[in-house]
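Asker: Following this message is one structure expressed as structure tokens.
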Amino acid sequence: VSFVTATISAMTILLTGDSRASRFVNHTWQWLGASAPYNINANIATGSTNNISRIEVLHSPTPESPGSALAGSINMVPRNAFERSRPVFNGSVYMLMRDNARHFHKTPGPLKDKTRKVHPGFDFSYIVPVNQRFGFTLSGGNSTQYTPLDFMQNTWRGVGSATSTPTATGPGNFPDTTPDRPYLSEYQIRDSAKLSRRSSAGATLDYKLTRNDRISFSFQYAFSDKPWVYRVLIFQVNRVLPGDFTPTSTHGAPGAGEIRLSNQARQKAGTTYMPTLVWRHDGPIWKAEAGTGYSHSTNIYSDNDKGYFSDSLARRTGVTVSFDDIFYLRPRTITVTDATGAPVDPYNINNYVLATSNGNMRNTTDVQRSAYANLRRDFDVGGVPVTLKGGLDVRNSMRDLRGSTPAFSFLGADGRATTTPFDPLGSDDGAAVVLDEVYSQRVAPFGFPKIQWVNNVEYWDLYKAHPEYFNLNQNSQYRSEVSESKRAEEIISSAYIRGDVAFFERRLRLVGGLRAEQTNLQAEGRLTDATRNFQRDASGKVILGANDRPLSILPASDALGVSKLTFIDRGAHAEKEYLRLFPSVNASYNVRENLIARAAF
């Protein structure tokens with residue numbers, strides 16, 4: 001797991017729906033790098049797992065658990081310098097490669113230039129108990145992994161996708177069929193790849209103030225960077241005449257089809273840093289702990305700001321698309337012809353025109369602050385061990401999101417958009433001007449030949465050199481920026497008391513108590529208020545026109561002006577607070593050495 005993603009400081013994963021914590025642990029490593037199906041009460045950073053000392057599993061909530069931990073929690077506990085009696089260094093170096101990309105020389109992809117697909121990596125941990133009172137730990141790692149993202153998709157009518165509803169004028173574009181006779185209406189082939197670069201570093205300082213008191217300072221840092229490009233060739237039949245299809249062939253209606261070159265390029269980068277400070281007292285009578293922590297994390301999706309379009313589309317309409325010799329994977333034969341019946345090469349970029357492009361930038365910042373303190377004492381009541389514990393906990397979380405999705409239409413020098421390079425009125429929108437000369441040298445997967453692709457970097461350079469060739473929908477861009485602008489902050493203040501008791505030589509353990517949580521929330525987002533475009537008199541009353549309808553300040557034709565008046569960035573505000581009580585009782589009984597019975601409420 002040297003390059004698997006995980007949080008590299010003290011962290012709690014809260015299980016909100018599945019109480020099978022043991023099964024969850026087995027999948028923790030692969031899950032941490034993917035989208036989260038469970039709520040997480042900490043920032044997940046891409047880094048190394050080599051700073052984790054152990055994993056603690058709580059099968060059900062106790063009074064120390066946050067109220068959101070309905071099914072228990074998994075605690076990842078970081079290393080400390082006093083785990084060892086002498087310095088220990090562990091390290092590893094390795095090479096990362098995919099079985100279908102084992103070339104040590106540079107090859108095309110994933111972005112504009114050729115890159116290497118085999119990369120070295122390393123990670124290490126160093127535990128140093130300097131003396132009986134002071135020690136420190138260091139850890140770090142770095143890795144780069146290339147991942148091909150080959151993909152293909154069949155769209156079947158009559159099973160996965162619906163057929164058309166018949167009308168009085170005909171059966172529609174996609175005639176009805178039975179489930180045992182589906183027919184293929186669209187096929188996509190994607191030749192894509194990404195790079196995943198990760199770096200992490202961590203350090204802890206441990207100092208024993210007294211025999212029973214220890215203070216620990218920890219700082220963790222992680223960075224990840226993942227650029228990727230999806231390049232997709234799409235064959236669309238669009239219309240099929242009755243009788244022109246079988247499960248192994250589809251012959252499209254003449255001139256109704258379309259072929260597309262669709263690209264998506266983005267870069268996802270994130271940085272997380274977390275300092276924490278903890279004091280622990282482990283006395284013979286009293287045990288206490290107090291700590292504070294801060295976490296700052298960013299998640300940034302970039303494209304236009306990095307010098308390329310996020311999405312681009314090149315089209316060729318008015319063609320006839322047919323599929324023959326279809327098997328489970330793809331049609332073995334794909335035929336594309338023009339209106340005259342002449343063949344059209346779908347792998348040649350000269351047969352396409354530039355259509356649309358856009359950006360899709362997102363910037364998210366998460367800040368978390370926490371402070372806690374607890375006090376515990378053990379008793380012996382008539383030979384029965386009893387423990388009482390109480391504590392306070394304050395957690396503050398803030399998330400700030402901003403984004404923008406500018407949309408562009410390509411018009412060319414003549415200011416007129418076309419859908420085919422052979423438009424009867426002429427076309428200067430040919431896609432060959434932004435040919436990706438490097439990536440087009442690759443042989444496509446799934447038995448396809450070389451495909452000439454659009455280069456989103458060259459496409460952006462064309463926009464910068466000739467912005468007059470493009471139409472930017474400024475109203476759409478403004479509304480996307482306002483829609484993506486959100487901020488929320490939450491403060492949870494908690495207090496709890498817990499009691500533990502054990503019977504039958506500690507075979508039966510009972511844990512119970514009460515937790516109280518006060519939650520305060522503040523949030524802000526977009527405000528939509530059409531009345532802000534109404535004319536008003538000096539007293540603020542809306543002025544009505546001859547038809548008794550409000551008079552507008554700006555006409556509807558000024559879409560951007562109206563949006564700026566009525567669609568307000570973070571103009572909507574919300575607050576909420578509530579108090580919740582969480583009583584809990586847990587029981588566990590050691591039936592045998594290898595069998596534990598548990599019950600909890």
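Residue numbering restarts at 1 for every chain of the structure tokens, chains are lettered A, B, ... in their displayed order, and ligands are numbered from 1 as they appear.
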Find the residues near A:Lys112: any atom within 10 Å, counting only C-alpha atoms, skip ones fewer than 5 places away on the same chain, and give them as a list in words.

Answerer: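 Neighbouring residues, sequence-local ones excluded: Val229, Tyr308, Asp436, Glu437, Val438, Tyr439, Asn455, Asn456, Val457 and Glu458 of chain A.
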
Asker: Suppose we keep N, CA and C atoms; can you now write the selection as an mmCIF file, in the first residue's frame?

Answerer:
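Final output, result_13.cif:
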data_model
loop_
_atom_site.group_PDB
_atom_site.id
_atom_site.type_symbol
_atom_site.label_atom_id
_atom_site.label_comp_id
_atom_site.auth_asym_id
_atom_site.auth_seq_id
_atom_site.Cartn_x
_atom_site.Cartn_y
_atom_site.Cartn_z
ATOM 1 N N VAL A 229 -7.033 13.391 -19.935
ATOM 2 C CA VAL A 229 -7.744 13.758 -21.157
ATOM 3 C C VAL A 229 -8.556 12.555 -21.624
ATOM 4 N N TYR A 308 -5.942 25.372 -21.722
ATOM 5 C CA TYR A 308 -6.634 24.485 -22.650
ATOM 6 C C TYR A 308 -8.124 24.475 -22.319
ATOM 7 N N ASP A 436 -4.178 17.310 -33.141
ATOM 8 C CA ASP A 436 -3.228 16.841 -32.133
ATOM 9 C C ASP A 436 -2.228 15.921 -32.836
ATOM 10 N N GLU A 437 -1.116 16.491 -33.281
ATOM 11 C CA GLU A 437 -0.153 15.743 -34.079
ATOM 12 C C GLU A 437 0.546 14.651 -33.281
ATOM 13 N N VAL A 438 0.676 14.828 -31.979
ATOM 14 C CA VAL A 438 1.377 13.846 -31.152
ATOM 15 C C VAL A 438 0.466 12.665 -30.822
ATOM 16 N N TYR A 439 -0.692 12.931 -30.213
ATOM 17 C CA TYR A 439 -1.546 11.836 -29.770
ATOM 18 C C TYR A 439 -2.145 11.075 -30.949
ATOM 19 N N ASN A 455 -6.782 18.778 -30.483
ATOM 20 C CA ASN A 455 -5.892 19.120 -29.380
ATOM 21 C C ASN A 455 -6.507 20.300 -28.629
ATOM 22 N N ASN A 456 -6.948 20.081 -27.380
ATOM 23 C CA ASN A 456 -7.601 21.143 -26.614
ATOM 24 C C ASN A 456 -6.659 22.290 -26.276
ATOM 25 N N VAL A 457 -5.349 22.016 -26.244
ATOM 26 C CA VAL A 457 -4.379 23.091 -26.005
ATOM 27 C C VAL A 457 -4.288 23.983 -27.236
ATOM 28 N N GLU A 458 -4.160 23.367 -28.420
ATOM 29 C CA GLU A 458 -4.115 24.140 -29.659
ATOM 30 C C GLU A 458 -5.430 24.901 -29.872
#

Asker: Can you pull out every residue from stretch 361-571 of chain A that DSSP, working from the backbone, puts in strand (DSSP E or B), and format the result as a PyMOL selection string?

Answerer: chain A and resi 361-381+384-404+407-410+430+435+443+450+454+470-472+486-503+508-528+534+536+542+544+550+552+567-571

Asker: Write the residues of the selection above to a file with C-alpha atoms, as a JSON list (two decimals), in the first residue's frame.

Answerer:
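The resulting file, out.json, is reproduced below:
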[["chain", "number", "residue", "atom", "x", "y", "z"],
["A", 361, "MET", "CA", -13.14, 25.19, -13.39],
["A", 362, "ARG", "CA", -13.83, 24.49, -9.71],
["A", 363, "ASN", "CA", -12.07, 25.62, -6.56],
["A", 364, "THR", "CA", -13.02, 24.16, -3.18],
["A", 365, "THR", "CA", -11.43, 25.03, 0.16],
["A", 366, "ASP", "CA", -12.09, 23.09, 3.37],
["A", 367, "VAL", "CA", -10.95, 24.30, 6.78],
["A", 368, "GLN", "CA", -11.47, 22.32, 9.97],
["A", 369, "ARG", "CA", -10.60, 23.34, 13.51],
["A", 370, "SER", "CA", -11.03, 21.20, 16.59],
["A", 371, "ALA", "CA", -10.31, 21.24, 20.30],
["A", 372, "TYR", "CA", -11.10, 18.66, 22.96],
["A", 373, "ALA", "CA", -10.38, 17.71, 26.55],
["A", 374, "ASN", "CA", -11.37, 14.73, 28.70],
["A", 375, "LEU", "CA", -10.75, 13.40, 32.19],
["A", 376, "ARG", "CA", -10.95, 9.80, 33.37],
["A", 377, "ARG", "CA", -10.64, 7.92, 36.66],
["A", 378, "ASP", "CA", -10.67, 4.20, 37.48],
["A", 379, "PHE", "CA", -12.35, 2.80, 40.60],
["A", 380, "ASP", "CA", -12.65, -0.58, 42.29],
["A", 381, "VAL", "CA", -16.09, -1.09, 43.81],
["A", 384, "VAL", "CA", -15.72, -4.72, 40.29],
["A", 385, "PRO", "CA", -13.67, -2.39, 38.05],
["A", 386, "VAL", "CA", -15.52, 0.85, 37.26],
["A", 387, "THR", "CA", -14.38, 3.76, 35.07],
["A", 388, "LEU", "CA", -15.89, 7.21, 34.80],
["A", 389, "LYS", "CA", -14.97, 9.63, 32.03],
["A", 390, "GLY", "CA", -16.18, 13.05, 30.94],
["A", 391, "GLY", "CA", -15.14, 15.37, 28.18],
["A", 392, "LEU", "CA", -15.73, 18.42, 25.96],
["A", 393, "ASP", "CA", -15.34, 18.67, 22.21],
["A", 394, "VAL", "CA", -15.66, 21.59, 19.78],
["A", 395, "ARG", "CA", -15.41, 21.14, 16.02],
["A", 396, "ASN", "CA", -15.62, 23.87, 13.39],
["A", 397, "SER", "CA", -15.88, 23.03, 9.67],
["A", 398, "MET", "CA", -15.98, 25.45, 6.73],
["A", 399, "ARG", "CA", -16.33, 24.75, 3.03],
["A", 400, "ASP", "CA", -16.01, 27.41, 0.32],
["A", 401, "LEU", "CA", -16.76, 26.63, -3.34],
["A", 402, "ARG", "CA", -16.34, 28.72, -6.48],
["A", 403, "GLY", "CA", -16.45, 27.73, -10.12],
["A", 404, "SER", "CA", -16.98, 28.87, -13.68],
["A", 407, "ALA", "CA", -19.31, 28.25, -23.00],
["A", 408, "PHE", "CA", -17.90, 29.02, -26.48],
["A", 409, "SER", "CA", -19.30, 28.46, -29.96],
["A", 410, "PHE", "CA", -16.91, 28.38, -32.91],
["A", 430, "GLY", "CA", -12.43, 22.85, -40.39],
["A", 435, "LEU", "CA", -4.95, 18.67, -35.00],
["A", 443, "VAL", "CA", -3.08, 3.20, -32.49],
["A", 450, "LYS", "CA", -4.97, 5.65, -35.67],
["A", 454, "VAL", "CA", -8.52, 17.56, -31.64],
["A", 470, "PHE", "CA", -15.63, 32.45, -31.08],
["A", 471, "ASN", "CA", -18.89, 33.48, -29.49],
["A", 472, "LEU", "CA", -18.68, 33.50, -25.69],
["A", 486, "LYS", "CA", -21.37, 28.64, -2.07],
["A", 487, "ARG", "CA", -20.09, 28.72, 1.48],
["A", 488, "ALA", "CA", -21.14, 26.83, 4.60],
["A", 489, "GLU", "CA", -19.79, 26.77, 8.15],
["A", 490, "GLU", "CA", -20.72, 24.44, 10.99],
["A", 491, "ILE", "CA", -19.80, 24.47, 14.68],
["A", 492, "ILE", "CA", -20.57, 21.42, 16.82],
["A", 493, "SER", "CA", -20.07, 21.86, 20.57],
["A", 494, "SER", "CA", -20.29, 18.63, 22.58],
["A", 495, "ALA", "CA", -20.12, 17.39, 26.14],
["A", 496, "TYR", "CA", -20.36, 13.80, 27.30],
["A", 497, "ILE", "CA", -20.15, 11.51, 30.31],
["A", 498, "ARG", "CA", -19.30, 7.82, 30.10],
["A", 499, "GLY", "CA", -19.25, 4.90, 32.52],
["A", 500, "ASP", "CA", -17.58, 1.49, 32.11],
["A", 501, "VAL", "CA", -18.07, -1.58, 34.28],
["A", 502, "ALA", "CA", -16.84, -5.18, 33.93],
["A", 503, "PHE", "CA", -18.12, -8.43, 35.50],
["A", 508, "LEU", "CA", -18.78, -9.05, 30.43],
["A", 509, "ARG", "CA", -18.17, -5.36, 29.69],
["A", 510, "LEU", "CA", -20.82, -2.66, 29.80],
["A", 511, "VAL", "CA", -20.31, 0.86, 28.46],
["A", 512, "GLY", "CA", -22.96, 3.56, 28.67],
["A", 513, "GLY", "CA", -23.48, 7.28, 28.92],
["A", 514, "LEU", "CA", -24.89, 10.40, 27.34],
["A", 515, "ARG", "CA", -23.58, 12.84, 24.74],
["A", 516, "ALA", "CA", -25.07, 16.28, 24.07],
["A", 517, "GLU", "CA", -24.32, 18.15, 20.82],
["A", 518, "GLN", "CA", -25.19, 21.73, 19.99],
["A", 519, "THR", "CA", -24.94, 22.42, 16.24],
["A", 520, "ASN", "CA", -24.84, 25.90, 14.70],
["A", 521, "LEU", "CA", -24.88, 26.34, 10.93],
["A", 522, "GLN", "CA", -24.43, 29.30, 8.61],
["A", 523, "ALA", "CA", -24.57, 29.12, 4.82],
["A", 524, "GLU", "CA", -24.78, 31.40, 1.82],
["A", 525, "GLY", "CA", -25.40, 30.87, -1.87],
["A", 526, "ARG", "CA", -27.06, 32.36, -4.93],
["A", 527, "LEU", "CA", -30.16, 34.56, -4.62],
["A", 528, "THR", "CA", -32.77, 34.62, -7.40],
["A", 534, "PHE", "CA", -38.81, 46.13, -11.34],
["A", 536, "ARG", "CA", -39.95, 51.52, -8.18],
["A", 542, "VAL", "CA", -43.40, 48.87, -7.85],
["A", 544, "LEU", "CA", -46.97, 49.30, -13.10],
["A", 550, "PRO", "CA", -44.43, 45.78, -13.44],
["A", 552, "SER", "CA", -38.69, 46.48, -16.01],
["A", 567, "PHE", "CA", -29.14, 36.65, -9.83],
["A", 568, "ILE", "CA", -26.93, 37.68, -6.90],
["A", 569, "ASP", "CA", -23.66, 36.05, -5.83],
["A", 570, "ARG", "CA", -24.09, 34.71, -2.28],
["A", 571, "GLY", "CA", -27.14, 36.88, -1.80]]

Asker: Hey, what's within 6 Å of A:Ser139 if we count only C-alpha atoms and toss same-chain stuff fewer than 4 positions away? As a VMD selection string, please?

Answerer: chain A and resid 124 to 125 201 to 202

Asker: Can you write just those residues out, all heavy atoms, as a compact mmCIF listing (two decimals), in the first residue's frame?

Answerer:
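Output (part_27.txt):
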# COMPACT_ATOMS: atom_id res chain seq x y z
N PHE A 124 9.07 6.27 3.01
CA PHE A 124 9.92 5.92 4.15
C PHE A 124 9.25 6.38 5.44
O PHE A 124 8.36 7.24 5.45
CB PHE A 124 11.29 6.59 4.03
CG PHE A 124 11.26 8.08 4.28
CD1 PHE A 124 11.49 8.60 5.55
CD2 PHE A 124 11.00 8.97 3.24
CE1 PHE A 124 11.45 9.97 5.78
CE2 PHE A 124 10.96 10.34 3.47
CZ PHE A 124 11.19 10.84 4.74
N SER A 125 9.70 5.78 6.55
CA SER A 125 9.34 6.24 7.89
C SER A 125 10.55 6.06 8.78
O SER A 125 11.30 5.09 8.64
CB SER A 125 8.14 5.45 8.45
OG SER A 125 8.48 4.09 8.64
N ALA A 201 4.45 14.22 3.27
CA ALA A 201 5.51 14.35 4.28
C ALA A 201 4.85 14.51 5.64
O ALA A 201 3.75 15.07 5.75
CB ALA A 201 6.41 15.55 3.98
N GLY A 202 5.50 14.01 6.65
CA GLY A 202 4.97 14.11 8.00
C GLY A 202 6.06 14.10 9.04
O GLY A 202 7.14 13.53 8.81

Asker: Could you pull the residues within 8 Å of A:Gln441, counting only C-alpha atoms, minus those fewer than 6 positions along the same chain, as a PyMOL selection string?

Answerer: chain A and resi 108+450-452

Asker: Just the residues within 9 Å of stretch 100-104 of chain A, please, counting only C-alpha atoms, with nothing from its chain fewer than 5 positions along; format it as a VMD selection string.

Answerer: chain A and resid 116 to 119 146 to 148

Asker: So, with only C-alpha atoms as the atoms that count, which of A:Tyr230, A:Phe217, A:Tyr294, A:Phe422 lies closest to A:Arg190?

Answerer: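 Closest candidate: A:Tyr230.
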
Asker: Counting only C-alpha atoms, figure out which residue out of A:Pro247, A:Pro406, A:Gly412, A:Gly172 gets nearest to A:Leu354.

Answerer: A:Gly412

Asker: Just want the 8 Å neighbourhood of A:Gly318, counted on only C-alpha atoms, with same-chain residues fewer than 6 positions away dropped. Output as a PyMOL selection string.

Answerer: chain A and resi 255-258+338-339+420

Asker: Store the residues picked out above, limited to N, CA, C and O atoms, as a tab-separated table (two decimals), in the first residue's frame.

Answerer:
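Done, and the output landed in out-v7.tsv:
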chain	number	residue	atom	x	y	z
A	255	GLY	N	-28.33	10.14	-44.66
A	255	GLY	CA	-28.12	11.53	-44.28
A	255	GLY	C	-28.52	11.90	-42.87
A	255	GLY	O	-28.40	13.06	-42.47
A	256	ALA	N	-29.02	10.94	-42.08
A	256	ALA	CA	-29.49	11.27	-40.72
A	256	ALA	C	-28.41	11.14	-39.66
A	256	ALA	O	-28.60	11.59	-38.53
A	257	GLY	N	-27.30	10.52	-39.99
A	257	GLY	CA	-26.29	10.22	-38.98
A	257	GLY	C	-25.32	11.36	-38.72
A	257	GLY	O	-25.33	12.41	-39.37
A	258	GLU	N	-24.47	11.11	-37.72
A	258	GLU	CA	-23.47	12.11	-37.32
A	258	GLU	C	-22.28	11.39	-36.70
A	258	GLU	O	-22.45	10.35	-36.04
A	338	ASP	N	-21.39	9.89	-47.30
A	338	ASP	CA	-22.04	11.20	-47.38
A	338	ASP	C	-23.34	11.09	-48.17
A	338	ASP	O	-23.81	9.99	-48.50
A	339	ALA	N	-23.93	12.25	-48.51
A	339	ALA	CA	-25.23	12.26	-49.17
A	339	ALA	C	-25.19	11.63	-50.55
A	339	ALA	O	-26.21	11.14	-51.06
A	420	THR	N	-20.59	20.85	-41.18
A	420	THR	CA	-19.86	20.00	-42.11
A	420	THR	C	-18.85	20.85	-42.87
A	420	THR	O	-19.15	22.01	-43.21

Asker: Using only C-alpha atoms, which of the listed residues (A:Asn360, A:Ser164, A:Ser312, A:Asn348) sits closest to A:Pro449?

Answerer: A:Asn348

Asker: Excluding stretch 251-254 of chain A and any residue of its chain fewer than 5 positions from it, enumerate the residues within 6 Å of it, using only C-alpha atoms, and give them as a ChimeraX atom specification.

Answerer: /A:237,239-240,244,320-322

Asker: Measure the distance from atom CA of A:Asp282 to atom CA of A:Ser60 in Å and round it to one decimal.

Answerer: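 Result for atom CA of A:Asp282 versus atom CA of A:Ser60: 25.7 Å, one decimal.
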